[in-house]
>>> print(open('my_file.txt').read())   # compact mmCIF, C-alpha atoms
# COMPACT_ATOMS: atom_id res chain seq x y z
CA MET H 1 0.00 0.00 0.00
CA GLY H 2 1.29 3.46 -0.83
CA LYS H 3 0.91 6.55 1.26
CA GLY H 4 -2.66 7.69 1.51
CA GLY H 5 -3.99 4.13 1.35
CA GLY H 6 -3.63 3.75 -2.42
CA CYS H 7 -2.11 0.75 -4.10
CA LEU H 8 1.33 1.48 -5.55
CA PRO H 9 2.14 -0.45 -8.74
CA SER H 10 5.70 -1.45 -9.48
CA LYS H 11 7.83 1.43 -10.73
CA ASN H 12 9.68 -1.04 -12.97
CA ARG H 13 6.55 -1.98 -14.85
CA GLN H 14 6.73 -1.42 -18.58
CA PRO H 15 4.04 0.57 -20.39
CA LEU H 16 1.00 -1.54 -21.18
CA VAL H 17 0.67 -1.94 -24.93
CA ALA H 18 -1.92 -4.62 -25.47
CA SER H 19 -1.46 -7.01 -28.33
CA GLU H 20 -4.05 -6.94 -31.07
CA GLN H 21 -4.53 -10.64 -30.34
CA ASP H 22 -5.43 -9.95 -26.71
CA GLU H 23 -8.87 -8.55 -27.48
CA PRO H 24 -11.71 -10.54 -25.91
CA THR H 25 -14.28 -12.09 -28.16
CA ASN H 26 -18.03 -11.66 -27.82
CA PRO H 27 -20.68 -14.26 -28.66
CA VAL H 28 -22.46 -12.38 -31.42
CA GLY H 29 -23.98 -14.57 -34.08
CA ASP H 30 -25.66 -12.11 -36.40
CA GLU H 31 -23.80 -10.68 -39.37
CA SER H 32 -25.35 -7.25 -38.85
CA VAL H 33 -24.52 -5.31 -35.71
CA SER H 34 -27.25 -3.39 -33.94
CA VAL H 35 -27.64 -1.65 -30.60
CA THR H 36 -31.10 -0.99 -29.18
CA ILE H 37 -31.50 1.43 -26.27
CA GLU H 38 -34.84 2.60 -24.93
CA GLY H 39 -36.55 1.79 -28.20
CA GLN H 40 -33.86 3.52 -30.28
CA SER H 41 -31.91 1.36 -32.71
CA ARG H 42 -28.40 2.20 -33.81
CA THR H 43 -26.74 0.02 -36.42
CA THR H 44 -23.07 0.19 -37.29
CA ASP H 45 -21.12 -1.38 -40.13
CA ALA H 46 -17.84 -0.80 -38.31
CA ALA H 47 -17.65 -4.51 -37.58
CA ALA H 48 -19.28 -7.72 -38.67
CA ALA H 49 -19.20 -10.95 -36.69
CA GLN H 50 -20.23 -14.52 -37.28
CA PHE H 51 -19.38 -17.99 -36.03
CA GLN H 52 -17.33 -20.36 -38.14
CA ASP H 53 -16.44 -23.79 -36.81
CA GLY H 54 -17.49 -22.64 -33.35
CA VAL H 55 -15.08 -19.68 -33.35
CA LEU H 56 -16.13 -16.05 -33.52
CA GLN H 57 -14.87 -14.44 -36.71
CA ARG H 58 -14.76 -10.65 -36.75
CA THR H 59 -13.86 -8.42 -39.66
CA LEU H 60 -13.64 -4.65 -39.51
CA THR H 61 -15.35 -3.27 -42.60
CA LYS H 62 -14.22 0.32 -41.96
CA LYS H 63 -12.07 2.13 -39.46
CA LEU H 64 -13.44 2.76 -36.01
CA ARG H 65 -13.42 6.45 -35.14
CA ILE H 66 -12.48 8.13 -31.90
CA PHE H 67 -13.55 11.76 -31.72
CA ILE H 68 -11.06 13.91 -29.82
CA VAL H 69 -13.23 16.81 -28.73
CA PHE H 70 -11.52 19.69 -26.97
CA TYR H 71 -11.51 23.29 -25.88
CA SER H 72 -8.14 25.04 -25.83
CA MET H 73 -7.65 28.72 -25.06
CA TYR H 74 -3.88 29.08 -25.34
CA GLY H 75 -3.07 25.89 -27.26
CA HIS H 76 -1.94 23.57 -24.47
CA VAL H 77 -4.92 21.22 -24.67
CA GLU H 78 -4.74 21.34 -28.46
CA SER H 79 -1.12 20.16 -28.34
CA LEU H 80 -2.19 17.16 -26.26
CA ALA H 81 -5.10 16.49 -28.63
CA ARG H 82 -2.88 16.45 -31.71
CA ARG H 83 -0.40 14.06 -30.09
CA MET H 84 -3.29 11.93 -28.84
CA LYS H 85 -4.56 11.61 -32.41
CA LYS H 86 -1.14 10.28 -33.40
CA GLY H 87 -1.54 7.57 -30.77
CA VAL H 88 -5.03 6.66 -31.94
CA ASP H 89 -3.96 6.54 -35.58
CA GLY H 90 -1.10 4.21 -34.65
CA ILE H 91 -3.53 1.39 -33.86
CA ASP H 92 -4.65 -0.65 -36.85
CA GLY H 93 -8.30 -0.18 -37.76
CA VAL H 94 -8.83 2.97 -35.68
CA GLU H 95 -8.53 6.65 -36.54
CA GLY H 96 -8.72 9.82 -34.47
CA VAL H 97 -10.79 12.82 -35.54
CA LEU H 98 -10.13 16.26 -34.02
CA TYR H 99 -13.00 18.59 -33.12
CA ARG H 100 -13.35 21.83 -31.17
CA VAL H 101 -16.27 22.99 -29.08
CA ALA H 102 -17.60 26.49 -29.61
CA GLU H 103 -16.13 29.52 -27.86
CA THR H 104 -18.48 31.33 -25.48
CA LEU H 105 -16.43 34.48 -24.86
CA GLU H 106 -16.78 37.62 -26.94
CA THR H 107 -14.02 38.48 -29.42
CA GLU H 108 -13.17 41.66 -27.51
CA VAL H 109 -12.63 39.67 -24.31
CA LEU H 110 -10.41 37.15 -26.09
CA GLU H 111 -8.31 39.96 -27.52
CA GLN H 112 -7.83 41.49 -24.08
CA MET H 113 -6.75 38.09 -22.78
CA LYS H 114 -4.26 37.82 -25.67
CA VAL H 115 -5.76 34.53 -26.83
CA PRO H 116 -3.99 33.39 -30.04
CA THR H 117 -5.84 32.78 -33.30
CA ARG H 118 -7.13 29.23 -33.62
CA ASP H 119 -6.44 26.76 -36.41
CA ASP H 120 -9.51 26.88 -38.65
CA GLY H 121 -8.57 23.45 -40.01
CA ILE H 122 -10.15 21.81 -36.96
CA PRO H 123 -13.96 21.98 -37.25
CA LEU H 124 -16.48 22.71 -34.54
CA ILE H 125 -18.44 19.66 -33.47
CA SER H 126 -22.22 19.55 -33.32
CA VAL H 127 -24.13 17.61 -30.70
CA GLU H 128 -25.61 15.22 -33.24
CA GLU H 129 -22.17 14.28 -34.54
CA LEU H 130 -21.29 12.71 -31.19
CA VAL H 131 -23.37 9.63 -31.97
CA GLU H 132 -21.15 8.86 -34.96
CA ALA H 133 -18.14 8.18 -32.72
CA ASP H 134 -17.04 4.73 -31.57
CA GLY H 135 -15.15 6.37 -28.72
CA LEU H 136 -14.75 9.87 -27.28
CA LEU H 137 -11.87 11.75 -25.68
CA PHE H 138 -12.69 15.13 -24.17
CA GLY H 139 -9.98 17.68 -23.40
CA PHE H 140 -10.30 20.97 -21.54
CA PRO H 141 -8.47 23.36 -19.19
CA THR H 142 -9.46 23.62 -15.55
CA ARG H 143 -11.49 26.35 -13.94
CA TYR H 144 -11.26 26.02 -10.14
CA GLY H 145 -10.86 22.25 -10.36
CA CYS H 146 -13.67 21.72 -12.89
CA MET H 147 -13.94 21.78 -16.66
CA ALA H 148 -13.92 25.14 -18.45
CA ALA H 149 -17.30 26.76 -19.08
CA GLN H 150 -16.96 26.31 -22.84
CA MET H 151 -16.86 22.52 -22.51
CA LYS H 152 -19.58 22.53 -19.86
CA ALA H 153 -21.81 24.56 -22.19
CA PHE H 154 -21.33 21.91 -24.85
CA PHE H 155 -22.27 19.10 -22.46
CA ASP H 156 -25.28 21.13 -21.34
CA SER H 157 -26.47 21.19 -24.95
CA THR H 158 -26.60 17.38 -25.21
CA GLY H 159 -29.98 17.06 -23.49
CA LYS H 160 -31.70 15.43 -26.46
CA LEU H 161 -29.05 12.73 -26.65
CA TRP H 162 -29.44 12.19 -22.92
CA THR H 163 -33.22 11.74 -23.05
CA GLU H 164 -32.77 9.09 -25.75
CA GLN H 165 -29.58 7.64 -24.16
CA ARG H 166 -27.93 7.62 -27.57
CA LEU H 167 -24.43 7.73 -26.09
CA ALA H 168 -24.97 4.84 -23.69
CA GLY H 169 -22.17 2.30 -23.85
CA VAL H 170 -19.72 4.56 -25.69
CA PRO H 171 -16.18 4.50 -24.19
CA ALA H 172 -14.95 7.96 -23.17
CA GLY H 173 -12.00 9.57 -21.41
CA PHE H 174 -10.53 12.94 -20.43
CA PHE H 175 -7.33 14.96 -20.69
CA VAL H 176 -6.72 18.32 -19.05
CA SER H 177 -4.58 21.42 -18.59
CA THR H 178 -3.95 23.26 -15.33
CA GLY H 179 -1.98 26.37 -14.43
CA THR H 180 -0.28 24.95 -11.32
CA GLN H 181 0.73 21.59 -9.84
CA GLY H 182 -2.13 21.74 -7.35
CA GLY H 183 -4.57 23.20 -9.84
CA GLY H 184 -6.64 20.13 -10.61
CA GLN H 185 -4.83 17.51 -12.69
CA GLU H 186 -7.03 14.88 -11.05
CA THR H 187 -10.11 16.77 -9.84
CA THR H 188 -10.77 18.37 -13.24
CA ALA H 189 -11.27 14.91 -14.75
CA TRP H 190 -12.89 13.48 -11.63
CA THR H 191 -15.60 16.14 -11.48
CA ALA H 192 -16.30 15.61 -15.20
CA ILE H 193 -17.21 11.95 -14.78
CA THR H 194 -20.78 12.94 -13.87
CA GLN H 195 -21.32 14.00 -17.50
CA LEU H 196 -20.51 10.48 -18.68
CA VAL H 197 -22.57 8.81 -15.98
CA HIS H 198 -25.81 10.55 -16.92
CA HIS H 199 -25.29 9.63 -20.57
CA GLY H 200 -24.48 6.02 -19.69
CA MET H 201 -21.04 6.24 -21.26
CA ILE H 202 -18.17 4.02 -20.14
CA TYR H 203 -15.38 5.94 -18.43
CA VAL H 204 -11.93 4.74 -19.51
CA PRO H 205 -9.06 6.09 -17.35
CA ILE H 206 -5.47 5.20 -18.23
CA GLY H 207 -4.57 4.02 -14.73
CA TYR H 208 -0.84 3.34 -14.47
CA THR H 209 -0.60 1.67 -17.87
CA PHE H 210 2.21 4.03 -18.92
CA GLY H 211 4.51 2.12 -16.59
CA ALA H 212 7.62 3.73 -15.14
CA GLY H 213 6.85 6.98 -16.91
CA MET H 214 4.05 7.58 -14.41
CA PHE H 215 6.49 7.62 -11.48
CA LYS H 216 9.34 9.82 -12.66
CA MET H 217 9.99 12.78 -10.36
CA ASP H 218 12.98 14.35 -12.07
CA ALA H 219 10.97 16.90 -14.04
CA LEU H 220 7.67 18.76 -13.95
CA ARG H 221 5.00 16.64 -15.63
CA GLY H 222 1.23 16.83 -15.89
CA GLY H 223 -1.07 13.86 -16.17
CA SER H 224 -2.54 11.33 -13.75
CA PRO H 225 -4.27 7.94 -13.73
CA TYR H 226 -7.37 9.83 -14.90
CA GLY H 227 -5.72 10.86 -18.16
CA ALA H 228 -3.04 12.94 -19.84
CA GLY H 229 -2.40 16.46 -18.62
CA VAL H 230 -0.19 19.50 -19.06
CA PHE H 231 0.93 22.34 -16.81
CA SER H 232 0.43 25.66 -18.57
CA GLY H 233 1.82 27.98 -15.91
CA ASP H 234 1.08 31.56 -16.88
CA GLY H 235 0.27 30.39 -20.41
CA THR H 236 3.80 30.61 -21.80
CA ARG H 237 5.01 27.15 -20.79
CA GLU H 238 4.89 24.62 -23.63
CA PRO H 239 3.96 20.96 -23.07
CA SER H 240 7.00 18.82 -22.32
CA GLU H 241 7.87 15.69 -24.28
CA ALA H 242 6.91 13.61 -21.26
CA GLU H 243 3.44 15.17 -21.22
CA LEU H 244 3.02 14.68 -24.96
CA ALA H 245 4.21 11.07 -24.73
CA LEU H 246 1.55 10.35 -22.10
CA ALA H 247 -1.07 11.89 -24.39
CA GLU H 248 0.06 9.66 -27.25
CA HIS H 249 -0.12 6.66 -24.93
CA GLN H 250 -3.68 7.57 -23.93
CA GLY H 251 -4.64 7.72 -27.59
CA LYS H 252 -3.23 4.24 -28.20
CA TYR H 253 -4.81 2.87 -25.04
CA MET H 254 -8.24 4.25 -25.87
CA ALA H 255 -7.99 2.91 -29.43
CA LEU H 256 -7.32 -0.58 -28.10
CA MET H 257 -10.24 -0.32 -25.68
CA VAL H 258 -12.56 0.84 -28.45
CA ARG H 259 -11.52 -2.15 -30.55
CA ARG H 260 -12.69 -4.36 -27.73
CA PHE H 261 -16.15 -2.86 -28.15
CA ALA H 262 -16.07 -3.14 -31.95
CA VAL H 263 -18.92 -5.67 -31.88
CA PRO H 264 -21.58 -3.95 -29.75
CA HIS H 265 -24.20 -5.79 -27.73
CA SER H 266 -27.89 -4.97 -27.42
CA PHE H 267 -29.12 -3.22 -24.30
CA PRO H 268 -32.56 -4.72 -23.65
CA ASN H 269 -35.13 -2.53 -21.95
CA ASP H 270 -36.69 -5.08 -19.59
CA HIS H 271 -38.58 -2.53 -17.51
CA LYS H 272 -40.29 -0.17 -19.92
CA ASP H 273 -43.00 0.49 -17.36
CA GLY H 274 -40.41 1.80 -14.90
CA SER H 275 -40.80 -1.14 -12.49
>>> encode(input="my_file.txt", output="structure tokens")
Amino acid sequence: MGKGGGCLPSKNRQPLVASEQDEPTNPVGDESVSVTIEGQSRTTDAAAAQFQDGVLQRTLTKKLRIFIVFYSMYGHVESLARRMKKGVDGIDGVEGVLYRVAETLETEVLEQMKVPTRDDGIPLISVEELVEADGLLFGFPTRYGCMAAQMKAFFDSTGKLWTEQRLAGVPAGFFVSTGTQGGGQETTAWTAITQLVHHGMIYVPIGYTFGAGMFKMDALRGGSPYGAGVFSGDGTREPSEAELALAEHQGKYMALMVRRFAVPHSFPNDHKDGS
């Protein structure tokens, strides 16, 4: 047991990079893949599965997509997002797609805050586009230990998806930016979990799967078992290679987890009357 009552994994452990052959199989016999939630049916052609000689055969018919949805004021979260996409794209059969959420501050305010011009090559995401993702990674800076208002405003706009539970069962994770070491590297992600819970999404933290890199104390490094992170300081500090490497690892890790869910199950509604 480590200090504070938490379990302390071995510092000599190597980063966890699961083999593509390690993915569990699911007993799905139909060639088409469909998910039914609260009367809503969602069919995906991302994977097809059938039994042959008693063994599940699965073939990906198109790449699975992980949407990396972020808000970045000074570019720190964006740097993590771009490196995270590299990690996702490094896993066969999976691709990362970058999206921004809309800004809520007026242009005049942003100018006074000396916020740099954003890359217009990354599109804004709409609420309805979320359902097209096989996995989701949300990135945002902290505001007093919680997600920034811009990201919260986006989550607040997903009410229709919530009432229909259209995101239920989708794997999701977080990555963050904070100004100081005690500014919320863990709590910013921790307090965001409620958003996933109400949608029925599956929270995927990285744990200590990055191995020894999670324990190094020789340099300033953001990130935690909840997900990748960066220290922004007064806004001028750039992400370190260690922070970017953890972001890339999270992308790979999430891609492998999403592959495990490539053949979705049905979610039967056994109690439609509320009993």
>>> closest_residue(input="my_file.txt", among="H:Glu111, H:Ala172, H:Ile122, H:Tyr71", to="Ala153 in chain H", atoms="all atoms listed in the file")
H:Tyr71
>>> residues_around(input="my_file.txt", residues="Phe174 in chain H", least_positions_apart="5", cutoff="7 Å", atoms="only C-alpha atoms", output="JSON, numbers by chain")
{"H": [137, 138, 139, 189, 227]}
>>> atom_distance(input="my_file.txt", atom1="CA of Pro123 in chain H", atom2="CA of Arg221 in chain H")
29.2 Å
>>> residues_near_point(input="my_file.txt", point="(-7.9, 25.3, -35.2)", cutoff="10 Å", atoms="all atoms listed in the file", output="PDB file with C-alpha atoms, keeping the file's coordinate frame")
ATOM      1  CA  SER H  72      -8.140  25.040 -25.830  1.00  0.00           C
ATOM      2  CA  GLY H  75      -3.070  25.890 -27.260  1.00  0.00           C
ATOM      3  CA  GLU H  78      -4.740  21.340 -28.460  1.00  0.00           C
ATOM      4  CA  LEU H  98     -10.130  16.260 -34.020  1.00  0.00           C
ATOM      5  CA  TYR H  99     -13.000  18.590 -33.120  1.00  0.00           C
ATOM      6  CA  ARG H 100     -13.350  21.830 -31.170  1.00  0.00           C
ATOM      7  CA  THR H 117      -5.840  32.780 -33.300  1.00  0.00           C
ATOM      8  CA  ARG H 118      -7.130  29.230 -33.620  1.00  0.00           C
ATOM      9  CA  ASP H 119      -6.440  26.760 -36.410  1.00  0.00           C
ATOM     10  CA  ASP H 120      -9.510  26.880 -38.650  1.00  0.00           C
ATOM     11  CA  GLY H 121      -8.570  23.450 -40.010  1.00  0.00           C
ATOM     12  CA  ILE H 122     -10.150  21.810 -36.960  1.00  0.00           C
ATOM     13  CA  PRO H 123     -13.960  21.980 -37.250  1.00  0.00           C
ATOM     14  CA  LEU H 124     -16.480  22.710 -34.540  1.00  0.00           C
TER      15      LEU H 124
END
>>> closest_residue(input="my_file.txt", among="H:Ile68, H:Val197, H:Leu161, H:Leu220", to="Arg237 in chain H", atoms="all atoms listed in the file")
H:Leu220
>>> atom_distance(input="my_file.txt", atom1="CA of Val97 in chain H", atom2="CA of Gly251 in chain H")
11.3 Å
>>> residues_around(input="my_file.txt", residues="Met254 in chain H", least_positions_apart="2", cutoff="8 Å", atoms="all atoms listed in the file", output="number ranges by chain")
H: 88, 135, 173, 204, 250-252, 256-258
>>> residues_around(input="my_file.txt", residues="range 102-110 of chain H", least_positions_apart="2", cutoff="9 Å", atoms="all atoms listed in the file", output="PDB file with C-alpha atoms, in the frame of the given file")
ATOM      1  CA  TYR H  71     -11.510  23.290 -25.880  1.00  0.00           C
ATOM      2  CA  MET H  73      -7.650  28.720 -25.060  1.00  0.00           C
ATOM      3  CA  ARG H 100     -13.350  21.830 -31.170  1.00  0.00           C
ATOM      4  CA  GLN H 112      -7.830  41.490 -24.080  1.00  0.00           C
ATOM      5  CA  MET H 113      -6.750  38.090 -22.780  1.00  0.00           C
ATOM      6  CA  LYS H 114      -4.260  37.820 -25.670  1.00  0.00           C
ATOM      7  CA  VAL H 115      -5.760  34.530 -26.830  1.00  0.00           C
ATOM      8  CA  PRO H 116      -3.990  33.390 -30.040  1.00  0.00           C
ATOM      9  CA  LEU H 124     -16.480  22.710 -34.540  1.00  0.00           C
ATOM     10  CA  ILE H 125     -18.440  19.660 -33.470  1.00  0.00           C
ATOM     11  CA  ALA H 149     -17.300  26.760 -19.080  1.00  0.00           C
ATOM     12  CA  GLN H 150     -16.960  26.310 -22.840  1.00  0.00           C
ATOM     13  CA  MET H 151     -16.860  22.520 -22.510  1.00  0.00           C
ATOM     14  CA  ALA H 153     -21.810  24.560 -22.190  1.00  0.00           C
ATOM     15  CA  PHE H 154     -21.330  21.910 -24.850  1.00  0.00           C
TER      16      PHE H 154
END
>>> atom_distance(input="my_file.txt", atom1="CA of Val176 in chain H", atom2="CA of Pro141 in chain H")
5.3 Å
>>> closest_residue(input="my_file.txt", among="H:Ile193, H:Leu246, H:Ala168, H:Met147", to="Gly211 in chain H", atoms="all atoms listed in the file")
H:Leu246
